[in-house]
Amino acid sequence: MHETYDSDFETASGTKSYPARLGIIGGGQLARMTAIAALPLGVEVVVLEKNPHSPAARLSPDCVVGDWADRDTLLKFAERCEVITLENEFVDAAALKVLEQAGHKVFPSAACVAITQDKFKQKQALQSAGLEVAGFRAVNTPDEIIAAGVNFGWPLVLKTRRNGYDGKGNYTLKSEADVAAGWRVLNGDKNELLVETWVPFVKELAVIVTRGTDGGTAVYPVVETVQRNHVCHVVKAPAQIPEELATRAASLATRAVETVGGIGSFGVEMFLSATGEIRINELAPRVHNSGHYTIEACDCSQFENHVRAVMGWPLGNPLMVAPAAVMVNLLGKEKTPGRPQGLDATLRINGARLHLYGKRMSGPGRKMGHITVLEKSVEEAQEVALRAAKKIHFGENS
């Protein structure tokens, strides 16, 4: 890794030359898979990440090691890129605004990220657009949480407004007796919080929507996600729901991304009730875990379409190339070196497409890789995917 300019990238006149360069803020597995999709399109990827050994760093010809919270670092990084995108929603929108004011192309935009990275503002925007969401309220004290419980009824879900993912930043309040613990765990004295009403659901659904700079969209199949300890464990594509519900879910997801002015691939998570109601839970302004199956299962993956969208190119076909697909996340169980064990046994299972993220350390619930299987039915795909996933774990020894 180095910090020198590529002499072929900028000409004497200051114009950008081939190959195009896409900057990604964040270097985890999402950046890694985006980079893999970008390379066949002739796009070089530049990654900004604090960790010099991040999953995406090995694929970046010009990885910048630094703190994306530092604006000087962001500006220095941006000078190497034609377009800038995000792997996560943790980069402060005000910092992205600085990049835009300096003339850099940033997708999704600072205005979009300002809405989506704050769950309270996100819910406000979706509700104002007439989209169904759970009841919610910003809370600044434990007493305000109790008042919300009296108004909405228990249970409630207490959340940090920013920087929560995979269940981190969430706390379920079954009654007033849980408020003090929830406030303490989520550090309410320092973090801005909100509460949401508990939504009884029979399935958790998700849709990847890619929106281009021209406003055109590519909408992927509605999938069902299965969570384990608040972390996505299995994704089933397509969701086994009536066509009318799938059409409605896809429409809601598209409207949600349009509402926030999204550009690129967005993950939209929803709840389906026993009576057929669909409520939007959250949307993420980036490629999403619920869309990893698209690498093998769709004509154009969420990652390739994200690159196409932010570069201003035509979007690809999001339709599936097989009747069914199932993706299983490979999650760490304890803090150990990230070396995979059982690789041979996994690779012997026909149809199991293995993706390892190259993380040096494993940890409880940490996403270390995934397996995707295409089959004639979701049931058949799930059986093979789960069987393959059981063969592999992470650590020095078996």
# chains A, B, ... in the order shown; residues from 1 in each chain; ligands from 1
call {"tool": "residues_around", "arguments": {"residues": "stretch 260-264 of chain A", "least_positions_apart": "6", "cutoff": "7 Å", "atoms": "only C-alpha atoms", "output": "PyMOL selection string"}}
result
chain A and resi 107-108+112+115+210-213+286+306+309-310
call {"tool": "residues_around", "arguments": {"residues": "A:Arg184", "least_positions_apart": "6", "cutoff": "12 Å", "atoms": "only C-alpha atoms", "output": "JSON, numbers by chain"}}
result
{"A": [141, 142, 158, 160, 169, 170, 171, 178, 190, 191, 193]}
call {"tool": "closest_residue", "arguments": {"among": "A:Glu144, A:Ala95, A:Ile392, A:Leu59", "to": "A:Ala180", "atoms": "only C-alpha atoms"}}
result
A:Glu144
call {"tool": "closest_residue", "arguments": {"among": "A:Val207, A:Glu192, A:Lys76, A:Leu252", "to": "A:Arg279", "atoms": "only C-alpha atoms"}}
result
A:Leu252
call {"tool": "residues_around", "arguments": {"residues": "A:Leu331", "least_positions_apart": "3", "cutoff": "12 Å", "atoms": "only C-alpha atoms", "output": "PyMOL selection string"}}
result
chain A and resi 166+227-229+231-234+328+334-335+338+340+356-357+359+361-371+389-390+392-394
call {"tool": "select_by_dssp", "arguments": {"residues": "stretch 175-379 of chain A", "states": "strand (DSSP E or B)", "output": "ChimeraX atom specification"}}
result
/A:193-197,203-211,217-219,223-228,231-237,264-272,278-284,298,320,324-331,336-337,340-341,353-356,361-362,367-375
call {"tool": "closest_residue", "arguments": {"among": "A:Thr85, A:Asp67, A:Leu39, A:Ser128", "to": "A:Pro52", "atoms": "only C-alpha atoms"}}
result
A:Asp67
call {"tool": "closest_residue", "arguments": {"among": "A:Lys159, A:Lys203, A:Lys119, A:Arg32", "to": "A:Glu277", "atoms": "only C-alpha atoms"}}
result
A:Lys203
call {"tool": "closest_residue", "arguments": {"among": "A:Ala256, A:Leu283, A:Val43, A:Val91", "to": "A:Ala110", "atoms": "only C-alpha atoms"}}
result
A:Val91
call {"tool": "residues_around", "arguments": {"residues": "A:Ala284", "least_positions_apart": "3", "cutoff": "7 Å", "atoms": "only C-alpha atoms", "output": "short mmCIF file (atom, residue, chain, number, x, y, z; two decimals) with C-alpha atoms, in the first residue's frame"}}
result
data_model
loop_
_atom_site.label_atom_id
_atom_site.label_comp_id
_atom_site.auth_asym_id
_atom_site.auth_seq_id
_atom_site.Cartn_x
_atom_site.Cartn_y
_atom_site.Cartn_z
CA THR A 116 -30.54 7.70 6.39
CA PHE A 266 -29.78 0.24 -1.04
CA GLY A 267 -31.01 -2.48 1.31
CA VAL A 268 -34.60 -2.03 2.51
#
call {"tool": "residues_around", "arguments": {"residues": "stretch 241-245 of chain A", "least_positions_apart": "3", "cutoff": "8 Å", "atoms": "only C-alpha atoms", "output": "list in words"}}
result
Arg248, Ala249 and Gly276 of chain A
call {"tool": "write_last_selection", "arguments": {"atoms": "C-alpha atoms", "output": "CSV table (one decimal), in the first residue's frame"}}
result
chain,number,residue,atom,x,y,z
A,248,ARG,CA,-46.3,-4.4,-2.8
A,249,ALA,CA,-43.0,-4.9,-0.9
A,276,GLY,CA,-50.5,-9.0,5.3
call {"tool": "decode", "arguments": {"residues": "stretch 90-207 of chain A", "atoms": "C-alpha atoms", "output": "CSV table (one decimal), in the first residue's frame"}}
result
chain,number,residue,atom,x,y,z
A,90,PHE,CA,-21.0,5.9,9.6
A,91,VAL,CA,-19.2,8.6,7.7
A,92,ASP,CA,-20.6,11.9,9.0
A,93,ALA,CA,-22.8,13.6,6.4
A,94,ALA,CA,-21.2,17.0,7.1
A,95,ALA,CA,-17.8,15.6,6.1
A,96,LEU,CA,-19.3,14.3,2.8
A,97,LYS,CA,-20.8,17.8,2.3
A,98,VAL,CA,-17.2,19.1,2.4
A,99,LEU,CA,-16.2,16.8,-0.4
A,100,GLU,CA,-19.2,17.9,-2.5
A,101,GLN,CA,-18.4,21.5,-1.9
A,102,ALA,CA,-14.8,20.8,-3.1
A,103,GLY,CA,-16.3,19.6,-6.4
A,104,HIS,CA,-16.2,15.8,-5.8
A,105,LYS,CA,-18.9,13.4,-6.9
A,106,VAL,CA,-20.3,11.6,-3.9
A,107,PHE,CA,-23.0,8.9,-4.2
A,108,PRO,CA,-25.2,8.5,-2.2
A,109,SER,CA,-25.1,12.3,-1.6
A,110,ALA,CA,-24.4,14.0,1.7
A,111,ALA,CA,-28.1,15.0,1.9
A,112,CYS,CA,-29.2,11.4,1.5
A,113,VAL,CA,-26.8,10.1,4.1
A,114,ALA,CA,-27.8,12.9,6.5
A,115,ILE,CA,-31.3,11.4,6.4
A,116,THR,CA,-30.5,7.7,6.4
A,117,GLN,CA,-27.7,7.6,8.9
A,118,ASP,CA,-30.1,9.0,11.6
A,119,LYS,CA,-32.8,6.5,12.2
A,120,PHE,CA,-35.2,9.1,13.6
A,121,LYS,CA,-34.7,11.4,10.6
A,122,GLN,CA,-35.1,8.3,8.3
A,123,LYS,CA,-38.4,7.4,9.9
A,124,GLN,CA,-39.6,11.0,9.7
A,125,ALA,CA,-38.8,11.1,6.0
A,126,LEU,CA,-40.5,7.7,5.3
A,127,GLN,CA,-43.6,8.6,7.3
A,128,SER,CA,-43.9,12.0,5.6
A,129,ALA,CA,-43.9,10.2,2.2
A,130,GLY,CA,-46.9,8.1,3.4
A,131,LEU,CA,-44.9,4.9,3.9
A,132,GLU,CA,-45.9,2.6,6.7
A,133,VAL,CA,-43.4,2.5,9.6
A,134,ALA,CA,-43.6,1.5,13.3
A,135,GLY,CA,-44.7,4.2,15.7
A,136,PHE,CA,-41.6,6.1,16.9
A,137,ARG,CA,-40.4,9.0,19.0
A,138,ALA,CA,-37.1,10.7,19.9
A,139,VAL,CA,-36.3,10.3,23.6
A,140,ASN,CA,-33.8,12.4,25.6
A,141,THR,CA,-34.4,11.1,29.1
A,142,PRO,CA,-35.6,7.9,30.8
A,143,ASP,CA,-38.8,9.7,31.8
A,144,GLU,CA,-39.5,10.3,28.1
A,145,ILE,CA,-39.1,6.6,27.4
A,146,ILE,CA,-41.6,5.8,30.1
A,147,ALA,CA,-44.0,8.4,28.7
A,148,ALA,CA,-43.6,6.7,25.3
A,149,GLY,CA,-44.4,3.4,26.8
A,150,VAL,CA,-47.6,4.8,28.4
A,151,ASN,CA,-48.6,6.2,25.0
A,152,PHE,CA,-47.6,3.4,22.7
A,153,GLY,CA,-47.8,0.4,25.0
A,154,TRP,CA,-45.1,-2.1,25.9
A,155,PRO,CA,-42.9,-3.7,24.6
A,156,LEU,CA,-40.8,-1.0,22.9
A,157,VAL,CA,-37.5,-1.1,21.1
A,158,LEU,CA,-35.0,1.4,22.2
A,159,LYS,CA,-32.4,2.3,19.6
A,160,THR,CA,-29.4,4.6,19.1
A,161,ARG,CA,-30.2,7.0,16.3
A,162,ARG,CA,-26.8,6.5,14.7
A,163,ASN,CA,-24.2,3.8,14.2
A,164,GLY,CA,-26.2,0.8,15.1
A,165,TYR,CA,-26.0,-2.5,13.1
A,166,ASP,CA,-26.5,-6.2,13.6
A,167,GLY,CA,-28.4,-5.7,16.7
A,168,LYS,CA,-25.8,-3.3,18.2
A,169,GLY,CA,-27.5,-0.2,19.4
A,170,ASN,CA,-30.9,-1.9,20.1
A,171,TYR,CA,-32.5,-2.8,23.4
A,172,THR,CA,-35.9,-4.4,23.9
A,173,LEU,CA,-37.9,-2.9,26.7
A,174,LYS,CA,-40.6,-5.3,27.9
A,175,SER,CA,-41.8,-2.9,30.6
A,176,GLU,CA,-41.0,0.2,32.5
A,177,ALA,CA,-38.7,-2.0,34.7
A,178,ASP,CA,-36.3,-2.3,31.7
A,179,VAL,CA,-35.8,1.4,31.0
A,180,ALA,CA,-32.9,2.0,33.4
A,181,ALA,CA,-30.9,-0.9,32.0
A,182,GLY,CA,-31.7,0.0,28.4
A,183,TRP,CA,-30.6,3.6,29.0
A,184,ARG,CA,-27.3,2.4,30.5
A,185,VAL,CA,-26.5,-0.2,27.9
A,186,LEU,CA,-27.1,2.3,25.0
A,187,ASN,CA,-25.3,5.1,26.9
A,188,GLY,CA,-28.3,7.4,26.8
A,189,ASP,CA,-26.3,10.2,28.5
A,190,LYS,CA,-24.1,10.5,25.4
A,191,ASN,CA,-26.0,9.0,22.5
A,192,GLU,CA,-29.2,10.3,20.9
A,193,LEU,CA,-31.9,7.7,21.2
A,194,LEU,CA,-35.4,6.9,19.8
A,195,VAL,CA,-38.0,4.3,20.7
A,196,GLU,CA,-40.1,2.3,18.3
A,197,THR,CA,-43.2,0.3,18.9
A,198,TRP,CA,-42.8,-3.5,18.7
A,199,VAL,CA,-44.1,-4.9,15.4
A,200,PRO,CA,-45.5,-8.4,15.6
A,201,PHE,CA,-44.3,-10.1,12.4
A,202,VAL,CA,-44.4,-13.5,10.7
A,203,LYS,CA,-41.6,-12.9,8.2
A,204,GLU,CA,-38.8,-10.4,7.8
A,205,LEU,CA,-38.4,-9.3,4.2
A,206,ALA,CA,-35.8,-7.3,2.4
A,207,VAL,CA,-35.4,-5.8,-1.1
